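**Q** I have a structure here, written as structure tokens, and I will follow up with some questions on it.
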Amino acid sequence: MISVHHYLLLSAILFCIGIFGVLTRKNAIVIFMCIEVMLNSVNLTFIALSRHVGNMDGQIFVFFVMTVAAAEAAVGLALIIAFFKNKESVDVDDFNMLKW
Amino acid sequence: MYSNLWLIPFFPLLGSIINGLVGKRIKSEKVIGGFATLLVFFSFLVACQNFFRLLGDNVKTHEIVIFSWMSVGKLQVDWGFLLDPLSAVMILVVTGVGTLIHLYSIGYMHGEEGYYRFFSYMNLFAFAMLMLVLGSNALVMFIGWEGVGLCSYLLIGYYIEKQSAGDAAKKAFVVNRIGDFGFLCGLFVLYWTLGSKGVWTFNFVEIAENAHLLETGGLVVTVVTLCFFLGACGKSAQIPLFTWLPDAMEGPTPVSALIHAATMVTAGVYMIGRMNILFAMAPSTMLTIAIVGAATAFFAATIGLAQNDIKRVLAYSTVSQLGYMFLAMGVGAFSAGIFHLMTHAFFKACLFLGSGSVIHGLHHAYHHAHLHDDPQDMRNMGGLRKKMPITFITFLVSTIAISGIPLFSGFFSKDEILWWSFGSTRGHWLLWLLGALAAAMTAFYMFRLVFMTFFGEQKTDARAKDHIPESPLTITIPLMVLGLLAVIGGYIGVPAILGGANHFHHFLDPVFGKSLHLFHIEAHGTHATEYTLMAVSVAVAVIGIFVAWVMYIKNPELPAKFVTKFAGAHKIVFNKWYIDELYDFLFVNPCKKIGTFFWRGFDVKVVDGIVNGVAWVTRGIGSGLKYTQSGYLHNYAVAMVVGVVMIVGFYVFG
Amino acid sequence: MADYLLSLIIFFPLLGMLFVLFIPRDNDGLLKGFTLVVSLVTFVISLPLAFDNIFATSGGMHYREFYEWINIGDYFQMNYNLGVDGISLWLVMLTTFIMPVTVLSTWKSVQKNTKGFMALLLLLETAMLGAFVALDLFLFYIFWELMLIPMYFLIGIWGGKNRIYAAVKFFIFTAVGSLLMLVAIIFLYYFAVESGVQISGFGVHDFYKLDLPYNAQYWLFLAFAFSFAIKVPMFPVHTWLPDAHTEAPTAGSVILAAVMLKMGTYGYVRFAMPLFPDALQTFIPYLAGLSVIGIVYGSLVAMMQEDVKKLVAYSSVAHLGFVMLGVFAMNQQGMAGGIIQMVNHGISTGALFLIVGFIYERRHTRLISEFGGLAHKMPIFATIFLIVTFSSVGLPGTNGFVGEFLALVGAFESNLRWFAVVATSGVIFAAVYMLWMYQRVMLGKVTNPANENLKDLSLREIAVMVPLLLFVFWIGVYPNTFLDKMNPAIEQLLNQMNNKQVAVVEVYQPVVAKLIEIK
Amino acid sequence: MDANLVQEAIQNVNLQAIMPSLVLCVFGMALLLVSVFTPRGKTSHVAWLSVVALVITGFVTLTAWNNPQAGFAGSVVLDNFATFFSMICIIAAALTILMSDEYLKREGYPVGEYYPLILFTTAGAMWMASGTDLMTIFLGLEVLSVSLYVLAGFFRRQTRSNEAGLKYFFLGAFSTGFLLYGVALLYGVTGTTKVAGIAEFVKTMPDLTSNLMFLAGAGLLITGFLFKVAAAPFHMWTPDVYQGAPTPITAFMSAGPKAAAFAAFMRVTIVSFDSIQTELVTVFWVLAVLTMTVGNFIALTQKDVKRMLAYSSISHAGYALIGMVAWNEVGWSGIMFYLLVYTFMNIGAFAVLVLVGKKGEDNLTLDGLAGMGYKRPLMGVALCIFLFSLMGMPPTAGFAAKFYVFAGAIKAGYIWLAIIGVMNSAVSLYYYLRVMVCMYFKDPQEDFSWVTMNAATTISIVIALAGVLLLGVLPGPFMEMAMLAVF
Amino acid sequence: MEAILFYLTALVAIVSAIFVIKCRNPINSALNLVSTFICLAVLYIMLECPFMAAIQIMVYAGAIMVLVIFVIMLLNLGSIGKSSNSRGMAAGGVLAALMLLLTNAFLRRGDVSGTGGEVTSELIKSYGHTELIGKAMFTDFLLPFEIASILLLVAIVGAVIISKRDV
């Protein structure tokens, strides 16, 4: 029998993979995708818990998380493009003009 | 009845202020000098009036309070004056001699720059000295005590352009301050000890009345008196604080006469006399005083033997004579000490003024001949007795007086001291021996001085030798008056053994009698002993004079031989036993080194080092931490995850 | 009038400052003149205090002003709480008196940016006066810290070569101490609240009534004492002083020496000591020891200085050692000596800084070696300098003696006898460094050709000094004018401290435990 | 459809509860339209209109004082707490807009949409402050963040600004992940996302501290807020973003959004997590110390004033966190008062920087400011007052604010924390003083001839100055308001 | 059966998530991400949330990923360095692992025994999932819904401002 814990564990694994990706990848877009993985794992948690708890709040939350993801995607990608226009790069190591 | 007492110090103060403020505008030296002299003379008149009133009065102690000075809780200090025989004698001496010396200065200081300044200072000094002797409590006395120090500072440094004058002035003040330190400490301890027994006072009368509250010979009274004695040492140039006095001769000669011979330097003696009851209660202190006094008398006399500067000889002689006074105080011969103080004031003032007259004359001559020789060096003098007869006579009279030749004032006072030091319950024959030796040396160097100056060949530069005048009247009148006093001044205190009534002793009895009586201080011995001693002292004086005569008149080449033979001893004596150098080595230089170390080493390196170090470390940490902010997104993200792991980890495992 | 006299005195300079801001900046004369008038008027306004005999008869606070200022129910409350007693009276008077003198001294020396200078001076005056009369700890703290701001700029803008270092050091050094005090103040307040004592705001008189347990007192006293010690400054936290003094412009040095250093000593008298009498007993030997070290140390270091101003600065360390020793004697004489010595130091050292300013204006150097023989060229100056020197040395008849004497008598009366003996030796050192300095600067021949054409003091400069000299002698000859009015206040203070020492209450222990418990 | 469903939905609606944000959004959308028809470079009227919008919103908000409005099935409540924070955000936004217009023109980005974005940001901040459902708070946070990503990267041709935007975006999104995960876990334990619901649930649970999921959820949630608050070690975006973003936006970010983040943070922790306060407070203690220390120490070494102020902003977050550690009314209201004060003083300081900056703002270094106090005396004085306030010197507001939070900590017995706090302020003195050292104690190198005063910026400086002095001298009423605003 | 499906989907999801990180070419990453999304959608269906599954596919896979791929194409990104450096790799790995550990810990000791809400499988079946969502959204969560609209508006405006060619 698949319990809620299975789902939670799966989402935890995905969450950590997402973190790992954010911490290691240099390509801004890939990092962005890794964040999406994290958000998705949260979504999975929400839905699993929502079903487990037995109310809809979690699922509504997922709905909004998706909205947010979309909004962030739009703005984030726009920012990446703007940066690319200036520096011809999407490598996050290239934005370290501001430091110290 | 004695309510005009305050006028005595007030007149000179007024003179000082007026001369100080407007003197610069007054062109006439006569007006300035005359005014200053007149004011001191007024004081003298008032002093005389009070003195005679006191003579006729049955009550011998009068305290006059002007107004309250400090009042804080149980501490009540008044501006108050005390008139008793002791202060009466002192005010007479101070104002009398003061008037004469003021008068003398009018002529002597003629043409000096800052003439008004000089008289302002002199008046101020008279004021301070009168405060010292009249003060009814230790604090008013201390005002005078420090005030005379201040004036001494000002007057020694009168020639402001002279480096040595400045040094000497500073030295005088600082050494005096060391004494003041002792004085203050003693005062505080006394105040607190008496206070803890219920008597919070600085008043002399009250101190004397309540002295029985202290334990006789106890620690407290010993400490207190020793502290006071330290103060007295500073002011009166006793070992170990005598070094300033010879240097003080940098001041104008009237200053040396007034301050450094007649009045200020005797303040220590006066103070001991004032507090005699306390000293009487502390035999060990008395012994210390006697030893120090005798040692000083002896020691300073040795130095006096070899000096060539006329004023320096006199200065060491002063130190030596002061030693006698302390010896007197130390052996309980209080009235003898004061007596010697008075006679010494007469003849030493006369001597100084005489030397001043000589210097004045030589200076005049050199000036006339455009020479720059030292007018104070005795080796440039000689044979002046013809040129300056009045000066010579008064000088000679005073020299005889100081040498202790009978019938002159010095004889009576000195002899009484020597007798007491031998025969007093607190005396010792060794003290007497030292005193007698010093007396011999005194006679020697004083006559050496007279011979070198007034007798023999005139060694002054040929160009100047014919231009040495006798001094003007303003100078010679004081000389004559003082010379006279040096002769007759002793007769008020002719001891009983010589058929006198010793009026002086009796007059002072209300002040000293009690302590002498209470603590059984008296000189005892047979008349034979007393006569013998007297004879011995006269004999040694005569021997001294004779030796001087042999060496400086008979065989003028003898001193040089002597010097070569005892080169080492002479060098030591000539250089004043290297005391100044010793003090430099022991105190002055270490202080400077410590000061520099504290400043450069402790303040700058340690304290500021810590302060700046903290700042530096803080900035350093900042600079280090700054590099965590690397600009790389990954690092930031890592930091965040670390934070999350820590927080969540704390919750999960903590 | 009396109801709001103190406010008027405090805020009149501030009002003046606002007007100063509207004076055109290039009108130098008007700026200075106006500031002088403002400071003089402030002095005149404050005169009724000095003549009020009530201080001689009653030791409590007079001219009270009390308004609610911040009141947040049970949480906290601060009041505008002013008052003056015989102790603060003379410090207020000193401040209002020194101010016109200071302004007058800037006539020639301040040319750059006069407007700012004058505005800051007036702001400073408000802050200093406020700190002396504030009876609410919070209010006191505000004025206390406010003082730093104008002083910081005075040093930093108009100062000497090394001014930036000095200004920043001054600011941070003093602020560090006061920040700790802030913590202590808040703690004290909550302690009072928690222990259920009826208090109104941070009123210091309410805190006096508090029976603090010893362990709380211990730390609170340390915090207060540290803060005040820096301001005094006591050894070894004195090193900001020489720097600040040396670099500050004359007016700044004068105010710093004359008034601001008194904040520290005043703080001890008004706050640190009466609030924590039990802890005080523990610390007195140490503090007295530091004071005495300060006396000897300051003197020795002063002796070796090459810069006149630095010398005077170090002499301040020594002088304030006497003040502190007197205060710690905890008896009437010592306290009175300490307080009158505060005033004395204000006058004498203020005058010394003015004097240094005079020669600095003429020669633009303060190195002792640059001078020599000035007495010849400037006789009036020499006389005034001499008088001030001796006042600083503590010659009887001048103010310095009265203060030192009373302080030492007090110390001898208390159980600080041995400290007092060492302190008394300060009289020797004082003579040494002051006279040596005087000799090197004023006496001897003029060796430096630059000194040949020095002008003697102008009438204005004499006018600056004369009032100070007047007080030198006034306090020296008839200090009762001042003592009479401070005695009742001191008596009351001592009674209060001594009575408090009896009553140590254990009942508040749990509260402390709760508050002190380190979390 | 069910009729009663519609009924229920309508009953839930209480426009009063969202009136301020509603007004702002309406204005924002209207202004978006207006700016479409605005010719290039002529954006002043948009700016003024948005100020008007904010003023109106301010009044609307104030009507809710002492008149709490709840609505939307408990997902939002406009209580005193929300009102107070909304006012902070409104003030911040208004001051920011006032200083922006000339600045944008100078820097060559006169874009009308800028102002509506700020209005939306403010609305988002209000939702954060008034949200009682984690969902509302989250969405408010996102509205706020997304607009700020845009605003931070607003100067799109400037690499610095790009970089600021991107860094903010990535780290913001990353932290959102944690926050959401936290919410999810909390939801799993309690079955609700309502703040009050969680609190309710918590009361029924016997042993909460053994429920690791709850603790971890709380921890992750807090992490998300701490990121916005810029507490160490989640502060690292702050200096870079603050430095790279347009100056008015930096000013805004450091005040408004920070206040909003604190609002949400406080509401969630205080209401929901009261029962685990011991655990929370320990963490806050460490974080507060860390934040203050890191901020202050690194600020010591900065040469760029803007970046220095960014670090100082971190340290101020640390001071404010002290109020959380205190965990009592004084501490909480202290935070609120602190943020109000901080809004005035920090925005004021930035406003002066906006004025004295050259195009491109290369001169906003310490050396660049040399002699500024003489060349521009009034601005110099203003900046000094702001800096003194940031230092916490009386009688400026900064002192009252610090006093307030320290009082809270001491009341709660955190003496050591208070001491560390004051020692940190002592460290901070140095770098603030250094600015003044440059302004006054050094000779001018620049002539500052390009500085032209303009009405709007001047007004914003004057308001900020008035705020700093008023709150410093008469802080009583405002402190009392903060006290009343705390639940 | 359910278990097998779950494990299989989970495995695919994890593997493709790993490949999102591992692939050098962003396009490949993106495609792997889509695969993860789809797996999650499958899981949603298993959790009886068909509506969420549909949205997952539409919004994530359909909209967001298209946008991402579009941007990748637009910028013509080749493959660039995989990870910043090996140390970063290690750090990331360690931290992620730690996180996983923690997550694991609290998942195990979390009380999620279920509070027995009204939404049961029966209700979903009888009432309909979409209806349930709709009901909740427009009653209890009306405000967040409205806020979401503002959010999207902001995002649109922002994206336009940031990326448009000239002012």
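Chain labels run A, B, ... following the order of the structure tokens; each chain numbers its residues from 1, and ligands are numbered from 1 in the order shown.
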Hey, could you make a per-residue contact list for chain D against chain E with 9 Å as the cut-off, showing the nearest pair of atoms and its distance in Å to one decimal, counting only C-alpha atoms, sorted by chain and number, as JSON lines?
**A**
{"residue": "D:Leu5", "atom": "CA", "partner": "E:Thr139", "partner_atom": "CA", "distance": 7.5}
{"residue": "D:Val6", "atom": "CA", "partner": "E:Thr139", "partner_atom": "CA", "distance": 7.9}
{"residue": "D:Glu8", "atom": "CA", "partner": "E:Thr139", "partner_atom": "CA", "distance": 6.7}
{"residue": "D:Ala9", "atom": "CA", "partner": "E:Thr139", "partner_atom": "CA", "distance": 4.4}
{"residue": "D:Ile10", "atom": "CA", "partner": "E:Thr139", "partner_atom": "CA", "distance": 7.9}
{"residue": "D:Gln11", "atom": "CA", "partner": "E:Thr139", "partner_atom": "CA", "distance": 9.0}
{"residue": "D:Asn12", "atom": "CA", "partner": "E:Thr139", "partner_atom": "CA", "distance": 6.9}
{"residue": "D:Val13", "atom": "CA", "partner": "E:Leu142", "partner_atom": "CA", "distance": 8.2}
{"residue": "D:Cys25", "atom": "CA", "partner": "E:Ile150", "partner_atom": "CA", "distance": 7.8}
{"residue": "D:Leu32", "atom": "CA", "partner": "E:Val157", "partner_atom": "CA", "distance": 8.8}
{"residue": "D:Arg40", "atom": "CA", "partner": "E:Val167", "partner_atom": "CA", "distance": 7.4}
{"residue": "D:Phe72", "atom": "CA", "partner": "E:Leu143", "partner_atom": "CA", "distance": 6.3}
{"residue": "D:Ala73", "atom": "CA", "partner": "E:Asp140", "partner_atom": "CA", "distance": 5.2}
{"residue": "D:Gly74", "atom": "CA", "partner": "E:Asp140", "partner_atom": "CA", "distance": 8.0}
{"residue": "D:Ser75", "atom": "CA", "partner": "E:Leu143", "partner_atom": "CA", "distance": 7.3}
{"residue": "D:Val76", "atom": "CA", "partner": "E:Leu143", "partner_atom": "CA", "distance": 8.1}
{"residue": "D:Tyr109", "atom": "CA", "partner": "E:Val167", "partner_atom": "CA", "distance": 7.4}
{"residue": "D:Pro110", "atom": "CA", "partner": "E:Val167", "partner_atom": "CA", "distance": 8.0}
{"residue": "D:Val111", "atom": "CA", "partner": "E:Val167", "partner_atom": "CA", "distance": 6.9}
{"residue": "D:Glu113", "atom": "CA", "partner": "E:Val157", "partner_atom": "CA", "distance": 7.6}
{"residue": "D:Tyr114", "atom": "CA", "partner": "E:Ile161", "partner_atom": "CA", "distance": 8.8}
{"residue": "D:Pro116", "atom": "CA", "partner": "E:Val154", "partner_atom": "CA", "distance": 8.9}
{"residue": "D:Leu117", "atom": "CA", "partner": "E:Val154", "partner_atom": "CA", "distance": 6.9}
{"residue": "D:Phe120", "atom": "CA", "partner": "E:Val154", "partner_atom": "CA", "distance": 7.3}
{"residue": "D:Thr121", "atom": "CA", "partner": "E:Val154", "partner_atom": "CA", "distance": 8.9}
{"residue": "D:Gly124", "atom": "CA", "partner": "E:Ile147", "partner_atom": "CA", "distance": 8.3}
{"residue": "D:Trp127", "atom": "CA", "partner": "E:Ile147", "partner_atom": "CA", "distance": 8.7}
{"residue": "D:Met135", "atom": "CA", "partner": "E:Pro144", "partner_atom": "CA", "distance": 6.5}
{"residue": "D:Thr136", "atom": "CA", "partner": "E:Pro144", "partner_atom": "CA", "distance": 5.3}
{"residue": "D:Ile137", "atom": "CA", "partner": "E:Pro144", "partner_atom": "CA", "distance": 8.8}
{"residue": "D:Phe138", "atom": "CA", "partner": "E:Pro144", "partner_atom": "CA", "distance": 8.9}
{"residue": "D:Leu139", "atom": "CA", "partner": "E:Ile147", "partner_atom": "CA", "distance": 6.5}
{"residue": "D:Gly140", "atom": "CA", "partner": "E:Ile147", "partner_atom": "CA", "distance": 7.2}
{"residue": "D:Glu142", "atom": "CA", "partner": "E:Leu151", "partner_atom": "CA", "distance": 7.2}
{"residue": "D:Val143", "atom": "CA", "partner": "E:Leu151", "partner_atom": "CA", "distance": 5.0}
{"residue": "D:Leu144", "atom": "CA", "partner": "E:Leu151", "partner_atom": "CA", "distance": 8.6}
{"residue": "D:Val146", "atom": "CA", "partner": "E:Ala155", "partner_atom": "CA", "distance": 6.5}
{"residue": "D:Ser147", "atom": "CA", "partner": "E:Val154", "partner_atom": "CA", "distance": 6.2}
{"residue": "D:Tyr149", "atom": "CA", "partner": "E:Gly158", "partner_atom": "CA", "distance": 8.5}
{"residue": "D:Val150", "atom": "CA", "partner": "E:Gly158", "partner_atom": "CA", "distance": 5.4}
{"residue": "D:Leu151", "atom": "CA", "partner": "E:Gly158", "partner_atom": "CA", "distance": 8.1}
{"residue": "D:Gly153", "atom": "CA", "partner": "E:Ile162", "partner_atom": "CA", "distance": 7.3}
{"residue": "D:Phe154", "atom": "CA", "partner": "E:Ile162", "partner_atom": "CA", "distance": 6.5}
{"residue": "D:Phe155", "atom": "CA", "partner": "E:Ile162", "partner_atom": "CA", "distance": 8.1}
{"residue": "D:Arg156", "atom": "CA", "partner": "E:Ile162", "partner_atom": "CA", "distance": 6.0}
{"residue": "D:Leu185", "atom": "CA", "partner": "E:Leu107", "partner_atom": "CA", "distance": 8.9}
{"residue": "D:Gly188", "atom": "CA", "partner": "E:Val112", "partner_atom": "CA", "distance": 6.2}
{"residue": "D:Val189", "atom": "CA", "partner": "E:Val112", "partner_atom": "CA", "distance": 5.6}
{"residue": "D:Thr190", "atom": "CA", "partner": "E:Thr115", "partner_atom": "CA", "distance": 8.0}
{"residue": "D:Gly191", "atom": "CA", "partner": "E:Thr115", "partner_atom": "CA", "distance": 7.0}
{"residue": "D:Ser210", "atom": "CA", "partner": "E:Arg109", "partner_atom": "CA", "distance": 7.8}
{"residue": "D:Asn211", "atom": "CA", "partner": "E:Gly110", "partner_atom": "CA", "distance": 5.3}
{"residue": "D:Leu212", "atom": "CA", "partner": "E:Phe106", "partner_atom": "CA", "distance": 4.8}
{"residue": "D:Met213", "atom": "CA", "partner": "E:Gly110", "partner_atom": "CA", "distance": 4.3}
{"residue": "D:Phe214", "atom": "CA", "partner": "E:Gly110", "partner_atom": "CA", "distance": 7.0}
{"residue": "D:Leu215", "atom": "CA", "partner": "E:Phe106", "partner_atom": "CA", "distance": 8.3}
{"residue": "D:Ala216", "atom": "CA", "partner": "E:Phe106", "partner_atom": "CA", "distance": 6.8}
**Q** If we count only C-alpha atoms, which residues of chain A reach to within 7 Å of chain E? Please list them as an NGL selection string.
**A** :A and (1-2 or 9-10 or 12-14 or 16-17 or 19-21 or 23-27 or 30 or 48 or 51-56 or 60 or 64 or 67 or 70-71 or 73-75 or 78-79 or 81-82)
**Q** Set out as JSON lines a contact list for chain B and chain A with a cut-off of 9 Å, giving each residue of chain B that qualifies its closest atom pair and distance in Å to one decimal, counting only C-alpha atoms, ordered by chain and rising residue number.
**A**
{"residue": "B:Ser623", "atom": "CA", "partner": "A:Trp100", "partner_atom": "CA", "distance": 8.8}
{"residue": "B:Leu625", "atom": "CA", "partner": "A:Trp100", "partner_atom": "CA", "distance": 8.9}
{"residue": "B:Lys626", "atom": "CA", "partner": "A:Trp100", "partner_atom": "CA", "distance": 5.2}
{"residue": "B:Tyr627", "atom": "CA", "partner": "A:Trp100", "partner_atom": "CA", "distance": 5.8}
{"residue": "B:Thr628", "atom": "CA", "partner": "A:Trp100", "partner_atom": "CA", "distance": 7.6}
{"residue": "B:Gln629", "atom": "CA", "partner": "A:Trp100", "partner_atom": "CA", "distance": 5.0}
{"residue": "B:Ser630", "atom": "CA", "partner": "A:Lys99", "partner_atom": "CA", "distance": 5.4}
{"residue": "B:Gly631", "atom": "CA", "partner": "A:Lys99", "partner_atom": "CA", "distance": 4.2}
{"residue": "B:Tyr632", "atom": "CA", "partner": "A:Asn96", "partner_atom": "CA", "distance": 5.6}
{"residue": "B:Leu633", "atom": "CA", "partner": "A:Val92", "partner_atom": "CA", "distance": 6.6}
{"residue": "B:His634", "atom": "CA", "partner": "A:Leu23", "partner_atom": "CA", "distance": 5.5}
{"residue": "B:Asn635", "atom": "CA", "partner": "A:Leu23", "partner_atom": "CA", "distance": 8.0}
{"residue": "B:Ala637", "atom": "CA", "partner": "A:Leu23", "partner_atom": "CA", "distance": 6.4}
{"residue": "B:Val638", "atom": "CA", "partner": "A:Leu23", "partner_atom": "CA", "distance": 6.4}
{"residue": "B:Val641", "atom": "CA", "partner": "A:Ile19", "partner_atom": "CA", "distance": 8.3}
**Q** What is the distance, in Å and to one decimal place, between CA of Ala409 (chain D) and CA of Phe140 (chain C)?
**A**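 CA of Ala409 (chain D) sits 21.5 Å away from CA of Phe140 (chain C).
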**Q** Excluding region 38-48 of chain B and residues on its chain fewer than 3 positions from it, collect all residues at most 8 Å away from it, counting only C-alpha atoms, and give them as a list in words.
**A**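 Surrounding residues, per the criterion: Asn4, Leu5, Leu7, Ile8, Pro9, Phe11, Pro12, Gly15, Gly34, Phe35, Phe51, Phe52, Ala88, Ile91, Leu92, Thr95, Gly96, Gly98, Thr99, His102, Asn123 and Ala126 of chain B.
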**Q** Quick one: which chain B residues come within 7 Å of chain C, and what is the nearest atom pair for each with the distance in Å to one decimal, counting only C-alpha atoms, rows ordered by chain and ascending number, as CSV?
**A**
residue,atom,partner,partner_atom,distance
B:Trp69,CA,C:Tyr478,CA,5.5
B:Met70,CA,C:Asn480,CA,5.6
B:Ser71,CA,C:Asn480,CA,6.5
B:Val72,CA,C:Gln333,CA,5.9
B:Gly73,CA,C:Gln332,CA,6.3
B:Ile143,CA,C:Pro396,CA,4.9
B:Glu146,CA,C:Leu395,CA,6.5
B:Ile160,CA,C:Leu443,CA,5.3
B:Glu161,CA,C:Gly444,CA,3.9
B:Lys162,CA,C:Gly444,CA,5.3
B:Gln163,CA,C:Gly444,CA,4.9
B:Gly166,CA,C:Gln439,CA,6.3
B:Lys170,CA,C:Leu435,CA,6.2
B:Val174,CA,C:Ala431,CA,5.9
B:Arg177,CA,C:Ile428,CA,5.3
B:Ile178,CA,C:Ile428,CA,5.7
B:Phe181,CA,C:Ser425,CA,5.9
B:Cys185,CA,C:Val421,CA,6.5
B:Phe188,CA,C:Val409,CA,6.0
B:Trp192,CA,C:Glu413,CA,5.7
B:Lys592,CA,C:Met304,CA,6.6
B:Gly595,CA,C:Leu300,CA,4.5
B:Thr596,CA,C:Met304,CA,5.9
B:Phe598,CA,C:Val301,CA,6.1
B:Trp599,CA,C:Val301,CA,5.3
B:Asp603,CA,C:Thr239,CA,6.6
B:Val607,CA,C:Pro236,CA,7.0
B:Asp608,CA,C:Thr239,CA,6.5
**Q** Could the residues of chain B that have an atom at most 7 Å from chain E be listed as CSV, each with its closest atom pair and the distance in Å to one decimal, counting only C-alpha atoms and ordered by chain and ascending residue number?
**A**
residue,atom,partner,partner_atom,distance
B:Val641,CA,E:Leu95,CA,6.9
B:Val645,CA,E:Met99,CA,6.3
B:Gly649,CA,E:Leu102,CA,6.6
B:Val652,CA,E:Phe106,CA,6.8
**Q** Chain D residues within 7 Å of chain B, counting only C-alpha atoms: which ones, as a list of chain:residue names?
**A** D:Lys167, D:Leu171, D:Leu212, D:Leu215, D:Ala216, D:Gly219, D:Leu220, D:Thr223, D:Pro233, D:Phe234, D:Met236, D:Trp237, D:Phe297, D:Ile298, D:Leu300, D:Thr301
**Q** Which of region 97-258 of chain C counts as helix (DSSP H, G or I) under DSSP, as an NGL selection string please?
**A** :C and (97-109 or 114-133 or 137-146 or 148-158 or 163-194 or 204-208 or 214-231 or 240-247 or 250-258)
**Q** Taking only C-alpha atoms into account, name the residue in B:Phe454, B:Tyr159, B:Tyr531, B:Phe81 that is nearest to Met131 (chain B).
**A**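 Using only C-alpha atoms, the shortest distance to Met131 (chain B) belongs to B:Phe81.
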**Q** For chain C against chain D, with a cut-off of 6 Å and counting only C-alpha atoms, what is the closest atom pair and its distance in Å to one decimal for every residue that makes the cut, ordered by chain and number, as CSV?
**A**
residue,atom,partner,partner_atom,distance
C:Ile70,CA,D:Gly476,CA,4.3
C:Ile72,CA,D:Glu480,CA,5.5
C:Ile142,CA,D:Pro394,CA,5.1
C:Leu146,CA,D:Pro394,CA,5.8
C:Gly156,CA,D:Phe441,CA,5.8
C:Ile157,CA,D:Phe441,CA,5.2
C:Val176,CA,D:Ala426,CA,5.6
C:Leu179,CA,D:Val422,CA,5.7
C:Ile186,CA,D:Ala407,CA,5.9
C:Tyr190,CA,D:Lys411,CA,5.9
C:Leu515,CA,D:Gly413,CA,4.3
C:Lys519,CA,D:Tyr414,CA,5.9
**Q** With C-alpha atoms retained, could you export that selection as a PDB file, in the first residue's frame?
**A**
ATOM      1  CA  ILE C  70       6.605  59.478  26.517  1.00  0.00           C
ATOM      2  CA  ILE C  72       3.314  53.886  27.031  1.00  0.00           C
ATOM      3  CA  ILE C 142      19.710  61.978  25.342  1.00  0.00           C
ATOM      4  CA  LEU C 146      23.772  64.714  21.952  1.00  0.00           C
ATOM      5  CA  GLY C 156      36.782  67.264  12.913  1.00  0.00           C
ATOM      6  CA  ILE C 157      36.186  70.390  10.897  1.00  0.00           C
ATOM      7  CA  VAL C 176      31.144  52.867  23.681  1.00  0.00           C
ATOM      8  CA  LEU C 179      26.090  52.560  25.205  1.00  0.00           C
ATOM      9  CA  ILE C 186      17.063  50.178  30.760  1.00  0.00           C
ATOM     10  CA  TYR C 190      12.739  47.259  34.285  1.00  0.00           C
ATOM     11  CA  LEU C 515      16.423  39.426  34.796  1.00  0.00           C
ATOM     12  CA  LYS C 519      19.609  33.407  27.950  1.00  0.00           C
TER      13      LYS C 519
END
**Q** Figure out the distance between CA of Ala260 (chain D) and CA of Val325 (chain D), please, to one decimal in Å.
**A** 18.6 Å
